[in-house]
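Enquirer: Attaching a single structure in structure tokens format; questions to follow.
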Amino acid sequence: MTSQRKLINNFKKVCICRSITGGTIMAAMSEGALSFEALRRKIRVGTGNCKAKRCRPKIEAMILEFKKNQKTSVKTSAVH
């Protein structure tokens with residue numbers, strides 16, 4: 001993903017009901033909230049009017065991507 005796209009995704013609302021952006025979700029994942037339920041407890045994502053019907057698939061995809069990138073960075077740093 002290009003840096004311009006990452007910047008846009010940081011400001012893009014993912015949870016519309018609670019106005020939670022991708023950057024907020026990424027920050028919470030960096031602090032250890034690595035499941036939808038953990039994010040729900042930490043930043044109240046998915047607790048709005050739709051009860052996560054709109055945002056949950058996007059957030060779960062973000063979690064998988066984050067975990068995949070974590071594993072890749074661990075493997076890369078272990079090689080060096």
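A note on labels: chains of the structure tokens are A, B, ... as shown, every chain counts residues from 1, and ligands are counted from 1 in their shown order.
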For region 39-52 of chain A, find every residue with an atom within 6 Å (counting only C-alpha atoms), except residues of its own chain fewer than 5 positions away, and show them as a PyMOL selection string.

Expert: chain A and resi 17-18+33

Enquirer: Output the selection as a PDB file, in the first residue's frame - C-alpha atoms for each residue.

Expert:
```
ATOM      1  CA  CYS A  17     -22.045   5.186  13.715  1.00  0.00           C
ATOM      2  CA  ARG A  18     -19.248   6.059  16.171  1.00  0.00           C
ATOM      3  CA  ALA A  33      -6.267  -4.885  20.727  1.00  0.00           C
TER       4      ALA A  33
END
```

Enquirer: Tell me, counting only C-alpha atoms, for each residue of region 4-44 of chain A within 9 Å of region 54-59 of chain A, which pair of atoms is nearest and how far apart they are in Å to one decimal, in rows ordered by chain and increasing number, as CSV.

Expert:
```
residue,atom,partner,partner_atom,distance
A:Val14,CA,A:Cys55,CA,6.1
A:Cys15,CA,A:Cys55,CA,5.3
A:Ile16,CA,A:Cys55,CA,7.6
A:Gly22,CA,A:Ile59,CA,8.6
A:Ile25,CA,A:Ile59,CA,8.1
A:Phe36,CA,A:Ile59,CA,7.2
```

Enquirer: Hey, can you spit out that residue selection with C-alpha atoms as a PDB file, in the first residue's frame?

Expert:
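New file result_12.pdb:
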```pdb
ATOM      1  CA  VAL A  14     -14.587   2.833   9.226  1.00  0.00           C
ATOM      2  CA  CYS A  15     -17.215   2.738  11.981  1.00  0.00           C
ATOM      3  CA  ILE A  16     -19.683   5.314  10.716  1.00  0.00           C
ATOM      4  CA  GLY A  22      -8.915   3.702  10.367  1.00  0.00           C
ATOM      5  CA  ILE A  25      -8.310   1.404  14.865  1.00  0.00           C
ATOM      6  CA  PHE A  36     -12.925  -7.287  17.163  1.00  0.00           C
TER       7      PHE A  36
END
```

Enquirer: Apply DSSP to the backbone of this structure and, from chain A, keep only the residues in helix (DSSP H, G or I); write these as a PyMOL selection string.

Expert: chain A and resi 3-11+22-30+36-43+56-79

Enquirer: Please provide as a list in words all residues within 8 Å of Met29 (chain A), with the sequence filter that same-chain residues fewer than 5 positions apart are discarded (counting only C-alpha atoms).

Expert: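 Selected residues are Leu34, Leu39, Ile63 and Phe66 of chain A.
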
Enquirer: Keeping C-alpha atoms, export the residues of the selection given above as a short mmCIF file (atom, residue, chain, number, x, y, z; two decimals), in the first residue's frame.

Expert:
```cif
data_model
loop_
_atom_site.label_atom_id
_atom_site.label_comp_id
_atom_site.auth_asym_id
_atom_site.auth_seq_id
_atom_site.Cartn_x
_atom_site.Cartn_y
_atom_site.Cartn_z
CA LEU A 34 -6.03 -7.67 18.13
CA LEU A 39 -11.35 -3.22 19.83
CA ILE A 63 -7.12 -7.06 11.89
CA PHE A 66 -2.33 -6.11 10.63
#
```

Enquirer: Closest to Gly23 (chain A) among A:Thr2, A:Asn9, A:Ser73, A:Ser35, using only C-alpha atoms?

Expert: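 Of all the options, A:Asn9 lies closest to Gly23 (chain A).
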